[in-house]
Amino acid sequence: MDVLFGTWHWSISGLLIGLIMLVLTYFGKTFGMSSNLRTLCSMTLAKKQSTYFNFDWREQRWNLAIVLGAIVGGFIAYHFMMDSKQVLQLNPTTVKQLQSLHIDAPNGKLGPDAIFGVEQMWTWKGFLLLLGGGFLIGFGTPYAGGCTSGHAISGLSNLQIPSLIAVIGFFIGGLIAAHFLIPLIFG
């Protein structure tokens, strides 16, 4: 059971992801989580409102199973297979940087309450951050041709230049957000 409950070496995870990508490529499928949002919308009445959602969503059922597996697997791993106080310890330097921005350390939770707490959602700042983030994800992902997982895992493994450009942009955007936007918003 230690194999299931312990942390896996990066090479094992990388090998498993590579094998999955080979299987998907063999069957002519591409991996991405954000495409499931389009699939879910096409399952509803959205296909009558926009031609973007007008496609046969049944062809994407396998991808919906991956999302369901990620949700169920994450729930099982968090609640039954790990000690969150042991795994989710932050570097002391990170804790100091968070405190300088008036953000409490997560203390065994997945995210700090100052950013991810339910009560933050009811403040103007929290509401605008959720609205802005939802807008950027909802419209930015289709505009970019996919999400981070789709470009970084599927696109790079298929040697697609647009995916390489997108992944470089994700890293640059993450650095800008970490060093400039988060201190501006929470500082």
# chains A, B, ... in the order shown; residues from 1 in each chain; ligands from 1

$ residues_around --residues "Ile66 in chain A" --least-positions-apart "6" --cutoff "12 Å" --atoms "only C-alpha atoms" --output "list in words"
Ile20, Thr30, Phe31, Gly32, Met33, Ser34, Ser35, Asn36, Gln60, Val72, Gly73 and Gly74 of chain A

$ write_last_selection --atoms "N, CA and C atoms" --output "JSON list (two decimals), in the first residue's frame"
[["chain", "number", "residue", "atom", "x", "y", "z"],
["A", 20, "ILE", "N", -0.08, 7.10, -22.06],
["A", 20, "ILE", "CA", -1.46, 7.51, -22.34],
["A", 20, "ILE", "C", -1.51, 8.32, -23.63],
["A", 30, "THR", "N", -7.22, 13.59, -28.96],
["A", 30, "THR", "CA", -6.33, 14.56, -28.31],
["A", 30, "THR", "C", -6.82, 14.80, -26.91],
["A", 31, "PHE", "N", -5.88, 15.06, -26.01],
["A", 31, "PHE", "CA", -6.20, 15.26, -24.60],
["A", 31, "PHE", "C", -6.32, 16.75, -24.30],
["A", 32, "GLY", "N", -7.30, 17.08, -23.49],
["A", 32, "GLY", "CA", -7.47, 18.44, -23.01],
["A", 32, "GLY", "C", -8.67, 18.50, -22.09],
["A", 33, "MET", "N", -8.57, 19.25, -21.05],
["A", 33, "MET", "CA", -9.67, 19.34, -20.09],
["A", 33, "MET", "C", -10.69, 20.40, -20.49],
["A", 34, "SER", "N", -10.24, 21.49, -21.07],
["A", 34, "SER", "CA", -11.16, 22.59, -21.37],
["A", 34, "SER", "C", -12.16, 22.26, -22.47],
["A", 35, "SER", "N", -11.81, 21.34, -23.34],
["A", 35, "SER", "CA", -12.75, 20.97, -24.40],
["A", 35, "SER", "C", -14.02, 20.35, -23.83],
["A", 36, "ASN", "N", -13.94, 19.88, -22.60],
["A", 36, "ASN", "CA", -15.12, 19.32, -21.96],
["A", 36, "ASN", "C", -16.16, 20.39, -21.63],
["A", 60, "GLN", "N", -17.35, 12.76, -27.76],
["A", 60, "GLN", "CA", -16.43, 13.21, -26.72],
["A", 60, "GLN", "C", -16.72, 12.59, -25.36],
["A", 72, "VAL", "N", -13.25, 12.35, -9.24],
["A", 72, "VAL", "CA", -13.41, 11.25, -8.27],
["A", 72, "VAL", "C", -12.05, 10.84, -7.71],
["A", 73, "GLY", "N", -11.05, 10.76, -8.59],
["A", 73, "GLY", "CA", -9.70, 10.41, -8.12],
["A", 73, "GLY", "C", -9.13, 11.43, -7.16],
["A", 74, "GLY", "N", -9.33, 12.71, -7.45],
["A", 74, "GLY", "CA", -8.87, 13.76, -6.54],
["A", 74, "GLY", "C", -9.57, 13.69, -5.19]]

$ residues_around --residues "range 160-170 of chain A" --least-positions-apart "5" --cutoff "7 Å" --atoms "only C-alpha atoms" --output "ChimeraX atom specification"
/A:148,151-152,155

$ select_by_dssp --residues "range 18-147 of chain A" --states "alpha helix (DSSP H)" --output "mmCIF file with C-alpha atoms, in the first residue's frame"
data_model
loop_
_atom_site.group_PDB
_atom_site.id
_atom_site.type_symbol
_atom_site.label_atom_id
_atom_site.label_comp_id
_atom_site.auth_asym_id
_atom_site.auth_seq_id
_atom_site.Cartn_x
_atom_site.Cartn_y
_atom_site.Cartn_z
ATOM 1 C CA GLY A 18 3.634 9.400 -22.248
ATOM 2 C CA LEU A 19 2.005 5.972 -22.559
ATOM 3 C CA ILE A 20 -1.456 7.510 -22.340
ATOM 4 C CA MET A 21 -0.525 10.013 -25.049
ATOM 5 C CA LEU A 22 0.665 7.171 -27.307
ATOM 6 C CA VAL A 23 -2.648 5.359 -26.852
ATOM 7 C CA LEU A 24 -4.632 8.548 -27.548
ATOM 8 C CA THR A 25 -2.558 9.291 -30.646
ATOM 9 C CA TYR A 26 -3.077 5.729 -31.870
ATOM 10 C CA SER A 35 -12.754 20.972 -24.402
ATOM 11 C CA ASN A 36 -15.120 19.318 -21.958
ATOM 12 C CA LEU A 37 -16.703 22.690 -21.216
ATOM 13 C CA ARG A 38 -17.708 22.936 -24.874
ATOM 14 C CA THR A 39 -18.985 19.352 -24.732
ATOM 15 C CA LEU A 40 -21.065 20.062 -21.627
ATOM 16 C CA CYS A 41 -22.546 23.168 -23.250
ATOM 17 C CA SER A 42 -23.416 21.216 -26.390
ATOM 18 C CA MET A 43 -25.286 18.692 -24.224
ATOM 19 C CA ALA A 46 -26.498 25.979 -26.022
ATOM 20 C CA LYS A 47 -26.241 24.267 -29.426
ATOM 21 C CA LYS A 48 -29.409 26.087 -30.432
ATOM 22 C CA GLN A 49 -27.921 29.430 -29.413
ATOM 23 C CA ARG A 61 -17.873 10.918 -24.022
ATOM 24 C CA TRP A 62 -14.463 9.379 -23.434
ATOM 25 C CA ASN A 63 -13.058 12.813 -22.538
ATOM 26 C CA LEU A 64 -15.923 13.415 -20.100
ATOM 27 C CA ALA A 65 -14.950 10.132 -18.427
ATOM 28 C CA ILE A 66 -11.428 11.535 -17.924
ATOM 29 C CA VAL A 67 -12.853 14.621 -16.188
ATOM 30 C CA LEU A 68 -15.089 12.484 -13.991
ATOM 31 C CA GLY A 69 -12.100 10.277 -13.169
ATOM 32 C CA ALA A 70 -10.008 13.323 -12.260
ATOM 33 C CA ILE A 71 -12.727 14.615 -9.936
ATOM 34 C CA VAL A 72 -13.410 11.249 -8.271
ATOM 35 C CA GLY A 73 -9.700 10.406 -8.123
ATOM 36 C CA GLY A 74 -8.868 13.760 -6.543
ATOM 37 C CA PHE A 75 -11.632 13.301 -3.966
ATOM 38 C CA ILE A 76 -10.437 9.804 -3.058
ATOM 39 C CA ALA A 77 -6.788 10.866 -2.908
ATOM 40 C CA TYR A 78 -7.495 13.906 -0.727
ATOM 41 C CA HIS A 79 -9.920 12.289 1.694
ATOM 42 C CA PHE A 80 -8.598 8.736 1.954
ATOM 43 C CA SER A 84 -2.905 16.835 4.264
ATOM 44 C CA LYS A 85 -0.918 18.277 7.168
ATOM 45 C CA GLN A 86 2.116 16.303 6.080
ATOM 46 C CA VAL A 87 1.893 16.760 2.300
ATOM 47 C CA PRO A 92 8.962 29.004 4.976
ATOM 48 C CA THR A 93 10.060 31.629 2.413
ATOM 49 C CA THR A 94 6.738 31.216 0.597
ATOM 50 C CA VAL A 95 4.841 31.613 3.883
ATOM 51 C CA LYS A 96 6.712 34.888 4.576
ATOM 52 C CA GLN A 97 5.946 36.180 1.084
ATOM 53 C CA LEU A 98 2.267 35.320 1.522
ATOM 54 C CA GLN A 99 2.172 37.072 4.899
ATOM 55 C CA SER A 100 3.677 40.217 3.346
ATOM 56 C CA ASP A 113 -8.798 31.461 2.766
ATOM 57 C CA ALA A 114 -7.787 35.009 1.765
ATOM 58 C CA ILE A 115 -7.924 33.894 -1.862
ATOM 59 C CA PHE A 116 -10.114 30.783 -1.985
ATOM 60 C CA TRP A 124 -16.536 43.028 -4.483
ATOM 61 C CA LYS A 125 -12.902 42.139 -4.978
ATOM 62 C CA GLY A 126 -13.617 38.392 -4.799
ATOM 63 C CA PHE A 127 -16.600 38.681 -7.129
ATOM 64 C CA LEU A 128 -14.634 40.683 -9.712
ATOM 65 C CA LEU A 129 -11.717 38.234 -9.529
ATOM 66 C CA LEU A 130 -14.076 35.297 -10.117
ATOM 67 C CA LEU A 131 -15.855 37.111 -12.935
ATOM 68 C CA GLY A 132 -12.607 38.193 -14.588
ATOM 69 C CA GLY A 133 -11.001 34.770 -14.175
ATOM 70 C CA GLY A 134 -14.092 33.045 -15.541
ATOM 71 C CA PHE A 135 -14.125 35.384 -18.524
ATOM 72 C CA LEU A 136 -10.435 34.826 -19.244
ATOM 73 C CA ILE A 137 -10.778 31.061 -19.000
ATOM 74 C CA GLY A 138 -14.130 30.838 -20.777
ATOM 75 C CA PHE A 139 -13.136 32.931 -23.766
ATOM 76 C CA GLY A 140 -9.357 32.672 -23.649
ATOM 77 C CA THR A 141 -9.182 28.915 -23.795
ATOM 78 C CA PRO A 142 -11.058 28.514 -27.099
ATOM 79 C CA TYR A 143 -9.221 31.543 -28.493
ATOM 80 C CA ALA A 144 -5.866 29.921 -27.626
#

$ atom_distance --atom1 "CA of Gly145 in chain A" --atom2 "CA of Phe55 in chain A"
16.8 Å

$ atom_distance --atom1 "CA of Ile17 in chain A" --atom2 "CA of Lys29 in chain A"
14.2 Å

$ residues_around --residues "Phe186 in chain A" --least-positions-apart "6" --cutoff "8 Å" --atoms "only C-alpha atoms" --output "count of residues only"
3

$ closest_residue --among "A:Gly117, A:Gly14, A:Gly174, A:Pro183" --to "Ile153 in chain A" --atoms "only C-alpha atoms"
A:Gly14

$ atom_distance --atom1 "CA of Ile182 in chain A" --atom2 "CA of Pro112 in chain A"
13.4 Å
